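Undergrad: A single structure is presented below for examination.
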Amino acid sequence: GSDLKKLGNTLPKLLNNKLPKNTVLNWIIGPFAEKPLIPKSCNLKFKLHNAPDNLNSIMNISNFAITVFGVSFFELLNVGVPTVVFSPYNKKDDIELDNLKKFNLAMVAKNKYDATEKLVKLMKDPQLAKKLSKNAKKQMKNKGSIRLTSEVKKLLA
């Protein structure tokens, strides 16, 4: 959406310093967000997507994801993308994130630094990635989850 915590100013550098060289990183720029600050000397291949109409086409080709807790996170679960999720809003989403961790639907991180480390770990562990994807798809098959995602999308449209 709007990147209220200005993650676009710091997260690209963190990812660039930790992810394997030449990793292709699809960065979604929300409709009210600024373009991220890409490091001048960059090891990654950033593909910027400016407020795309449809995230599914990007999600369907993604092997992994890192995201802030919100609607896009649930869309990633629905597609089965192994995901690292965190909330930059202090303890606001702790109850929800604790439940996600309990059901093993995603790797839950404490902050952007922890999320970066967890993404590296996830990318190196195909068994874990497969397990998260399977758990997410299984959980999201529930019609209530699909309806919830649909209703939230309607509210945001």
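FYI, nothing fancy with the structure tokens labels: chains A, B, ... in order, residues from 1 per chain, ligands from 1 as they appear.
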Could you list, as a PyMOL selection string, every residue within 9 Å of segment 57-62 of chain A, counting only C-alpha atoms and ignoring same-chain residues fewer than 4 positions away?
TA: chain A and resi 26+75-76+79-82
Undergrad: Take the residues from that selection and put them in a file with C-alpha atoms, as an mmCIF file, in the first residue's frame.
TA:
data_model
loop_
_atom_site.group_PDB
_atom_site.id
_atom_site.type_symbol
_atom_site.label_atom_id
_atom_site.label_comp_id
_atom_site.auth_asym_id
_atom_site.auth_seq_id
_atom_site.Cartn_x
_atom_site.Cartn_y
_atom_site.Cartn_z
ATOM 1 C CA ASN A 26 10.317 -8.815 -7.651
ATOM 2 C CA GLU A 75 -2.779 -13.991 -1.138
ATOM 3 C CA LEU A 76 0.707 -15.532 -1.004
ATOM 4 C CA VAL A 79 -1.008 -19.473 -3.943
ATOM 5 C CA GLY A 80 1.293 -21.563 -1.727
ATOM 6 C CA VAL A 81 4.402 -19.390 -1.949
ATOM 7 C CA PRO A 82 6.775 -20.173 0.952
#
Undergrad: If you run DSSP on the backbone here, which positions in chain A get strand (DSSP E or B)? Please write them as a PyMOL selection string.
TA: chain A and resi 24-29+45-50+65-68+83-86+107-108
Undergrad: Might you pull out every residue within 6 Å of segment 4-20 of chain A, with only C-alpha atoms counted and same-chain residues fewer than 6 positions away left off, and present them as a PyMOL selection string?
TA: chain A and resi 36-39+43-44
Undergrad: Keeping only all heavy atoms, write the selected residues as a PDB file, in the first residue's frame.
TA:
ATOM      1  N   PRO A  36      11.583   2.116  -4.174  1.00  0.00           N
ATOM      2  CA  PRO A  36      12.587   1.723  -3.177  1.00  0.00           C
ATOM      3  C   PRO A  36      13.981   2.240  -3.541  1.00  0.00           C
ATOM      4  O   PRO A  36      14.268   2.519  -4.705  1.00  0.00           O
ATOM      5  CB  PRO A  36      12.554   0.193  -3.226  1.00  0.00           C
ATOM      6  CG  PRO A  36      12.093  -0.118  -4.602  1.00  0.00           C
ATOM      7  CD  PRO A  36      11.128   0.988  -4.963  1.00  0.00           C
ATOM      8  N   LEU A  37      14.819   2.365  -2.521  1.00  0.00           N
ATOM      9  CA  LEU A  37      16.208   2.780  -2.735  1.00  0.00           C
ATOM     10  C   LEU A  37      17.056   1.540  -3.018  1.00  0.00           C
ATOM     11  O   LEU A  37      17.387   0.775  -2.110  1.00  0.00           O
ATOM     12  CB  LEU A  37      16.742   3.513  -1.501  1.00  0.00           C
ATOM     13  CG  LEU A  37      16.033   4.799  -1.119  1.00  0.00           C
ATOM     14  CD1 LEU A  37      16.624   5.375   0.167  1.00  0.00           C
ATOM     15  CD2 LEU A  37      16.132   5.818  -2.244  1.00  0.00           C
ATOM     16  N   ILE A  38      17.385   1.344  -4.276  1.00  0.00           N
ATOM     17  CA  ILE A  38      18.192   0.195  -4.691  1.00  0.00           C
ATOM     18  C   ILE A  38      19.664   0.576  -4.538  1.00  0.00           C
ATOM     19  O   ILE A  38      20.081   1.642  -5.016  1.00  0.00           O
ATOM     20  CB  ILE A  38      17.903  -0.185  -6.168  1.00  0.00           C
ATOM     21  CG1 ILE A  38      16.398  -0.359  -6.412  1.00  0.00           C
ATOM     22  CG2 ILE A  38      18.683  -1.432  -6.564  1.00  0.00           C
ATOM     23  CD1 ILE A  38      15.727  -1.429  -5.609  1.00  0.00           C
ATOM     24  N   PRO A  39      20.469  -0.271  -3.886  1.00  0.00           N
ATOM     25  CA  PRO A  39      21.893   0.051  -3.724  1.00  0.00           C
ATOM     26  C   PRO A  39      22.572   0.271  -5.070  1.00  0.00           C
ATOM     27  O   PRO A  39      22.274  -0.412  -6.053  1.00  0.00           O
ATOM     28  CB  PRO A  39      22.463  -1.186  -3.027  1.00  0.00           C
ATOM     29  CG  PRO A  39      21.295  -1.867  -2.407  1.00  0.00           C
ATOM     30  CD  PRO A  39      20.112  -1.555  -3.283  1.00  0.00           C
ATOM     31  N   ASN A  43      24.017  -6.566  -5.970  1.00  0.00           N
ATOM     32  CA  ASN A  43      24.254  -7.970  -6.322  1.00  0.00           C
ATOM     33  C   ASN A  43      22.993  -8.662  -6.822  1.00  0.00           C
ATOM     34  O   ASN A  43      23.060  -9.748  -7.377  1.00  0.00           O
ATOM     35  CB  ASN A  43      24.762  -8.739  -5.098  1.00  0.00           C
ATOM     36  CG  ASN A  43      26.072  -8.216  -4.594  1.00  0.00           C
ATOM     37  OD1 ASN A  43      26.963  -7.887  -5.372  1.00  0.00           O
ATOM     38  ND2 ASN A  43      26.203  -8.130  -3.282  1.00  0.00           N
ATOM     39  N   LEU A  44      21.845  -8.058  -6.563  1.00  0.00           N
ATOM     40  CA  LEU A  44      20.554  -8.651  -6.915  1.00  0.00           C
ATOM     41  C   LEU A  44      20.030  -8.055  -8.213  1.00  0.00           C
ATOM     42  O   LEU A  44      20.475  -7.000  -8.644  1.00  0.00           O
ATOM     43  CB  LEU A  44      19.541  -8.402  -5.794  1.00  0.00           C
ATOM     44  CG  LEU A  44      19.943  -8.822  -4.389  1.00  0.00           C
ATOM     45  CD1 LEU A  44      18.845  -8.468  -3.389  1.00  0.00           C
ATOM     46  CD2 LEU A  44      20.264 -10.301  -4.329  1.00  0.00           C
TER      47      LEU A  44
END
Undergrad: Per DSSP on the backbone, what are the alpha helix (DSSP H) residues of segment 3-157 of chain A, as an NGL selection string?
TA: :A and (11-18 or 56-59 or 71-79 or 94-102 or 112-124 or 126-140 or 143-156)
Undergrad: State, in Å with one decimal place, the distance from atom CA of Pro31 of chain A to atom CA of Phe73 of chain A.
TA: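 We find that atom CA of Pro31 of chain A and atom CA of Phe73 of chain A lie 16.7 Å from each other.
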Undergrad: Please, what distance in Å, to one decimal, runs between atom CA of Lys47 of chain A and atom CA of Leu132 of chain A?
TA: 24.9 Å
Undergrad: Any idea what's packed within 10 Å of Phe32 of chain A, counting only C-alpha atoms, ignoring anything in its chain fewer than 6 positions away? Could you give it as a PyMOL selection string?
TA: chain A and resi 1-4+50-51
Undergrad: Quick one: distance from atom CA of Leu77 of chain A to atom CA of Tyr89 of chain A in Å, one decimal?
TA: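 Distance reported for this atom pair: 20.9 Å.
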Undergrad: Between A:Leu105, A:Ile95, A:Ala65, A:Ala33, single out the one closest to Met140 of chain A, counting only C-alpha atoms.
TA: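 Going through A:Leu105, A:Ile95, A:Ala65, A:Ala33 one by one, the smallest distance to Met140 of chain A is for A:Leu105.
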Undergrad: Quick one: everything within 10 Å of Val85 of chain A, counting only C-alpha atoms, minus sequence neighbours fewer than 4 positions away in the same chain. Send it as a list of chain:residue names.
TA: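 In the requested form, the answer reads A:Ala65, A:Ile66, A:Thr67, A:Val68, A:Phe69, A:Gly70, A:Phe73, A:Leu97, A:Leu100, A:Lys101, A:Leu105, A:Ala106, A:Met107, A:Val108, A:Ala109, A:Lys110, A:Asn111, A:Lys112, A:Asp114, A:Ala115, A:Lys118, A:Leu119.
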Undergrad: Which residue gives the smallest distance to Leu55 of chain A among A:Gln139, A:Asp125, A:Lys21, A:Ile28, with only C-alpha atoms counted?
TA: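 For Leu55 of chain A, the nearest of the given residues is A:Ile28.
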Undergrad: Of the residues A:Ser87, A:Asn54, A:Thr23, A:Asn78, which is the one nearest to Tyr113 of chain A, using only C-alpha atoms?
TA: A:Ser87
